[in-house]
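Participant: Take this structure, written in structure tokens, and hold onto it; I'll ask about it next.
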Amino acid sequence: MKKVFSSIAILATLSFAGGFMDMGMSGDLHVMLSSDRVLSQGQNSIKIELNRGGHGGKVVDAKDVRVKFFMPQMPGMPYMESKDICKKTESFFECNVNFGMNGTWQYQVFIKDEQGKDYKHKGSVNLGQASSMHGH
């Protein structure tokens with residue numbers, strides 16, 4: 001029963017979000033990464049929103065936002081990474097990431113705010129994990 005419930009909870013989360021979202025704080029800067037669709041192998045567009053003091057705080061008009069997604073080297077697999085300099089669009093920044101394969105990718109967001117102060121936000125994303133739960 002417990003296994004069935006957790007599968008339902010995960011499916012509900014995925015379908016509710018309809019895409020990808022991850023957020024956290026770097027100092028006094030709230031960093032939110034999101035995508036309209038679930039992240040997958042190949043090209044993905046990611047939106048980065050920056051707010052001062054927390055989610056919904058003052059929008060930060062950063063001077064420079066860069067993103068790096070990478071997968072550490074593993075036996076039989078080379079190190080992989082995808083980097084982009086994000087472009088400002090309305091009140092957020094947009095970047096493109098190319099994932100070479102499914103699995104867990106680490107990410108780092110490098111931000112230089114409007115005063116020239118540097119911030120770094122780190123996290124990870126899992127690609128292609130949900131589909132492996134069905135049928136087996």
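For the structure tokens, the naming scheme is as follows: chains receive sequential letters (A, B, ...) according to their order of presentation, residues are indexed from 1 within each chain, and ligands are indexed from 1 in presentation order.
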If we count only C-alpha atoms and set the cut-off at 9 Å, which residues sit around Phe70 (chain A), ignoring sequence neighbours fewer than 6 positions away in its own chain? Please answer as a list of chain:residue names.
Facilitator: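 Non-adjacent residues within range: A:Tyr79, A:Met80, A:Glu81, A:Ser82, A:Lys83, A:Phe99, A:Thr104, A:Trp105, A:Gln106, A:Tyr107, A:Gln108.
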Participant: Do you know which residues are at most 8 Å from Lys63 (chain A) counting only C-alpha atoms, after dropping those on the same chain fewer than 2 positions away, and could you put them as a PyMOL selection string?
Facilitator: chain A and resi 61+65+111-114+116
Participant: How about saving the chosen residues, C-alpha atoms kept, as a PDB file, in the first residue's frame?
Facilitator:
```
ATOM      1  CA  ASP A  61      17.986  43.181 -12.052  1.00  0.00           C
ATOM      2  CA  VAL A  65      23.644  35.406 -14.636  1.00  0.00           C
ATOM      3  CA  ILE A 111      25.001  35.716 -10.258  1.00  0.00           C
ATOM      4  CA  LYS A 112      26.411  39.247 -10.205  1.00  0.00           C
ATOM      5  CA  ASP A 113      23.691  41.507  -8.799  1.00  0.00           C
ATOM      6  CA  GLU A 114      22.974  45.143  -9.682  1.00  0.00           C
ATOM      7  CA  GLY A 116      28.232  43.928  -8.513  1.00  0.00           C
TER       8      GLY A 116
END
```
Participant: Give me the residues within 6 Å of Cys95 (chain A) as an MDAnalysis selection string, counting only C-alpha atoms and dropping any in the same chain fewer than 3 places off.
Facilitator: chainID A and resid 45:46 86
Participant: Which residues are near Ser35 (chain A)? Cut-off 8 Å, only C-alpha atoms, ignore same chain within fewer than 6 positions. Put them as a list in words.
Facilitator: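 The contact residues come out as Gly19, Phe20, Met21, Asn44, Ser45, Ile46 and Lys47 of chain A.
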Participant: Would you write out those residues with all heavy atoms, as a PDB file, in the first residue's frame?
Facilitator:
```
ATOM      1  N   GLY A  19       6.130  20.717 -15.269  1.00  0.00           N
ATOM      2  CA  GLY A  19       7.474  21.045 -15.715  1.00  0.00           C
ATOM      3  C   GLY A  19       8.466  20.799 -14.613  1.00  0.00           C
ATOM      4  O   GLY A  19       8.395  19.799 -13.910  1.00  0.00           O
ATOM      5  N   PHE A  20       9.369  21.735 -14.422  1.00  0.00           N
ATOM      6  CA  PHE A  20      10.437  21.588 -13.449  1.00  0.00           C
ATOM      7  C   PHE A  20      10.539  22.874 -12.634  1.00  0.00           C
ATOM      8  O   PHE A  20      10.359  23.958 -13.164  1.00  0.00           O
ATOM      9  CB  PHE A  20      11.745  21.317 -14.191  1.00  0.00           C
ATOM     10  CG  PHE A  20      12.977  21.768 -13.454  1.00  0.00           C
ATOM     11  CD1 PHE A  20      13.481  21.030 -12.406  1.00  0.00           C
ATOM     12  CD2 PHE A  20      13.620  22.941 -13.815  1.00  0.00           C
ATOM     13  CE1 PHE A  20      14.613  21.453 -11.724  1.00  0.00           C
ATOM     14  CE2 PHE A  20      14.756  23.370 -13.139  1.00  0.00           C
ATOM     15  CZ  PHE A  20      15.253  22.620 -12.090  1.00  0.00           C
ATOM     16  N   MET A  21      10.825  22.728 -11.335  1.00  0.00           N
ATOM     17  CA  MET A  21      11.063  23.896 -10.505  1.00  0.00           C
ATOM     18  C   MET A  21      11.984  23.514  -9.358  1.00  0.00           C
ATOM     19  O   MET A  21      11.834  22.460  -8.756  1.00  0.00           O
ATOM     20  CB  MET A  21       9.754  24.446  -9.948  1.00  0.00           C
ATOM     21  CG  MET A  21       9.948  25.777  -9.253  1.00  0.00           C
ATOM     22  SD  MET A  21       8.381  26.566  -8.825  1.00  0.00           S
ATOM     23  CE  MET A  21       7.860  25.535  -7.483  1.00  0.00           C
ATOM     24  N   ASN A  44      16.997  22.149 -23.482  1.00  0.00           N
ATOM     25  CA  ASN A  44      15.976  22.568 -22.519  1.00  0.00           C
ATOM     26  C   ASN A  44      16.114  24.065 -22.276  1.00  0.00           C
ATOM     27  O   ASN A  44      17.229  24.573 -22.179  1.00  0.00           O
ATOM     28  CB  ASN A  44      16.171  21.851 -21.185  1.00  0.00           C
ATOM     29  CG  ASN A  44      15.898  20.370 -21.278  1.00  0.00           C
ATOM     30  OD1 ASN A  44      14.802  19.926 -21.031  1.00  0.00           O
ATOM     31  ND2 ASN A  44      16.912  19.591 -21.652  1.00  0.00           N
ATOM     32  N   SER A  45      14.995  24.751 -22.159  1.00  0.00           N
ATOM     33  CA  SER A  45      14.996  26.171 -21.831  1.00  0.00           C
ATOM     34  C   SER A  45      14.676  26.310 -20.349  1.00  0.00           C
ATOM     35  O   SER A  45      13.686  25.760 -19.873  1.00  0.00           O
ATOM     36  CB  SER A  45      13.949  26.889 -22.676  1.00  0.00           C
ATOM     37  OG  SER A  45      13.906  28.246 -22.307  1.00  0.00           O
ATOM     38  N   ILE A  46      15.520  27.033 -19.626  1.00  0.00           N
ATOM     39  CA  ILE A  46      15.337  27.202 -18.185  1.00  0.00           C
ATOM     40  C   ILE A  46      15.229  28.682 -17.857  1.00  0.00           C
ATOM     41  O   ILE A  46      15.978  29.510 -18.386  1.00  0.00           O
ATOM     42  CB  ILE A  46      16.493  26.551 -17.403  1.00  0.00           C
ATOM     43  CG1 ILE A  46      16.441  25.034 -17.625  1.00  0.00           C
ATOM     44  CG2 ILE A  46      16.420  26.887 -15.918  1.00  0.00           C
ATOM     45  CD1 ILE A  46      17.548  24.267 -16.984  1.00  0.00           C
ATOM     46  N   LYS A  47      14.268  28.989 -17.000  1.00  0.00           N
ATOM     47  CA  LYS A  47      14.011  30.356 -16.564  1.00  0.00           C
ATOM     48  C   LYS A  47      14.568  30.510 -15.144  1.00  0.00           C
ATOM     49  O   LYS A  47      14.376  29.624 -14.312  1.00  0.00           O
ATOM     50  CB  LYS A  47      12.485  30.552 -16.574  1.00  0.00           C
ATOM     51  CG  LYS A  47      12.022  31.943 -16.321  1.00  0.00           C
ATOM     52  CD  LYS A  47      10.572  32.098 -16.756  1.00  0.00           C
ATOM     53  CE  LYS A  47       9.606  31.720 -15.662  1.00  0.00           C
ATOM     54  NZ  LYS A  47       8.232  32.107 -15.956  1.00  0.00           N
TER      55      LYS A  47
END
```
Participant: Would you please give, as a ChimeraX atom specification, all residues of chain A that DSSP assigns to strand (DSSP E or B) based on the backbone?
Facilitator: /A:20-26,29-35,42-52,58-59,64-71,74,77,80-85,87-89,92-99,103-112,118-127
Participant: Measure the distance from CA of Gly42 (chain A) to CA of Ser91 (chain A) in Å and round it to one decimal.
Facilitator: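 Straight-line distance from CA of Gly42 (chain A) to CA of Ser91 (chain A) works out to 26.1 Å.
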Participant: Pick the closest to Lys122 (chain A) from A:Lys68, A:Lys88, A:His55, A:Arg37: which is it, counting only C-alpha atoms?
Facilitator: A:Lys68
Participant: Report the distance between CA of Gly56 (chain A) and CA of Val38 (chain A) in Å, rounded to one decimal place.
Facilitator: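 Separation of CA of Gly56 (chain A) and CA of Val38 (chain A): 23.2 Å.
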Participant: Which residues are close to Val59 (chain A), i.e. within 12 Å by only C-alpha atoms, leaving aside same-chain residues fewer than 2 positions away? Reply as a ChimeraX atom specification.
Facilitator: /A:29-32,48-57,61-62,90-93,113-114
Participant: With N, CA and C atoms retained, write the just-selected residues as a CSV table (one decimal), in the first residue's frame.
Facilitator:
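Saved the output as part_28.csv:
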```csv
chain,number,residue,atom,x,y,z
A,29,LEU,N,19.6,36.4,-1.4
A,29,LEU,CA,19.0,36.3,-2.8
A,29,LEU,C,18.2,35.0,-2.9
A,30,HIS,N,16.9,35.1,-3.3
A,30,HIS,CA,16.1,33.9,-3.6
A,30,HIS,C,16.3,33.6,-5.0
A,31,VAL,N,16.7,32.3,-5.3
A,31,VAL,CA,17.0,31.9,-6.7
A,31,VAL,C,16.0,30.8,-7.0
A,32,MET,N,15.2,31.0,-8.1
A,32,MET,CA,14.3,30.0,-8.6
A,32,MET,C,14.5,29.6,-10.0
A,48,ILE,N,15.3,31.6,-14.9
A,48,ILE,CA,15.8,31.9,-13.6
A,48,ILE,C,15.2,33.2,-13.1
A,49,GLU,N,14.6,33.1,-11.9
A,49,GLU,CA,14.0,34.3,-11.3
A,49,GLU,C,14.8,34.6,-10.0
A,50,LEU,N,15.1,35.9,-9.8
A,50,LEU,CA,15.9,36.4,-8.7
A,50,LEU,C,15.1,37.4,-7.9
A,51,ASN,N,15.0,37.1,-6.6
A,51,ASN,CA,14.2,38.1,-5.7
A,51,ASN,C,15.0,38.3,-4.5
A,52,ARG,N,15.0,39.6,-4.0
A,52,ARG,CA,15.7,39.9,-2.8
A,52,ARG,C,14.9,39.6,-1.5
A,53,GLY,N,15.5,38.8,-0.6
A,53,GLY,CA,14.9,38.5,0.7
A,53,GLY,C,14.0,37.3,0.7
A,54,GLY,N,13.6,36.8,-0.4
A,54,GLY,CA,12.7,35.6,-0.4
A,54,GLY,C,11.9,35.6,-1.7
A,55,HIS,N,11.2,34.5,-1.9
A,55,HIS,CA,10.3,34.3,-3.0
A,55,HIS,C,9.2,35.4,-3.0
A,56,GLY,N,9.0,36.1,-4.1
A,56,GLY,CA,8.0,37.2,-4.1
A,56,GLY,C,8.6,38.5,-3.6
A,57,GLY,N,9.9,38.6,-3.3
A,57,GLY,CA,10.6,39.8,-2.8
A,57,GLY,C,10.9,40.7,-4.1
A,61,ASP,N,17.6,43.0,-10.7
A,61,ASP,CA,18.0,43.2,-12.1
A,61,ASP,C,19.5,42.9,-12.1
A,62,ALA,N,19.9,41.7,-12.1
A,62,ALA,CA,21.3,41.3,-12.0
A,62,ALA,C,22.0,41.7,-13.3
A,90,GLU,N,12.1,40.3,-19.7
A,90,GLU,CA,11.1,40.8,-18.8
A,90,GLU,C,11.7,40.8,-17.4
A,91,SER,N,11.1,40.1,-16.4
A,91,SER,CA,11.6,40.1,-15.0
A,91,SER,C,12.4,38.9,-14.6
A,92,PHE,N,12.9,38.1,-15.6
A,92,PHE,CA,13.6,36.9,-15.3
A,92,PHE,C,14.7,36.8,-16.3
A,93,PHE,N,15.5,35.7,-16.2
A,93,PHE,CA,16.6,35.4,-17.1
A,93,PHE,C,16.4,34.0,-17.7
A,113,ASP,N,24.9,40.7,-8.9
A,113,ASP,CA,23.7,41.5,-8.8
A,113,ASP,C,23.9,42.9,-9.3
A,114,GLU,N,22.9,43.8,-9.2
A,114,GLU,CA,23.0,45.1,-9.7
A,114,GLU,C,24.1,46.0,-9.0
```
Participant: Just the helix (DSSP H, G or I) stuff from region 8-121 of chain A, please, per backbone DSSP, written as a PyMOL selection string.
Facilitator: chain A and resi 8-17
Participant: What is the distance, in Å and to one decimal place, between CA of Leu39 (chain A) and CA of Leu127 (chain A)?
Facilitator: 6.2 Å
Participant: With only C-alpha atoms as the atoms that count, which of A:Ser40, A:Met77, A:Ser34, A:Asn126 lies nearest to Asn98 (chain A)?
Facilitator: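 Closest candidate: A:Ser40.
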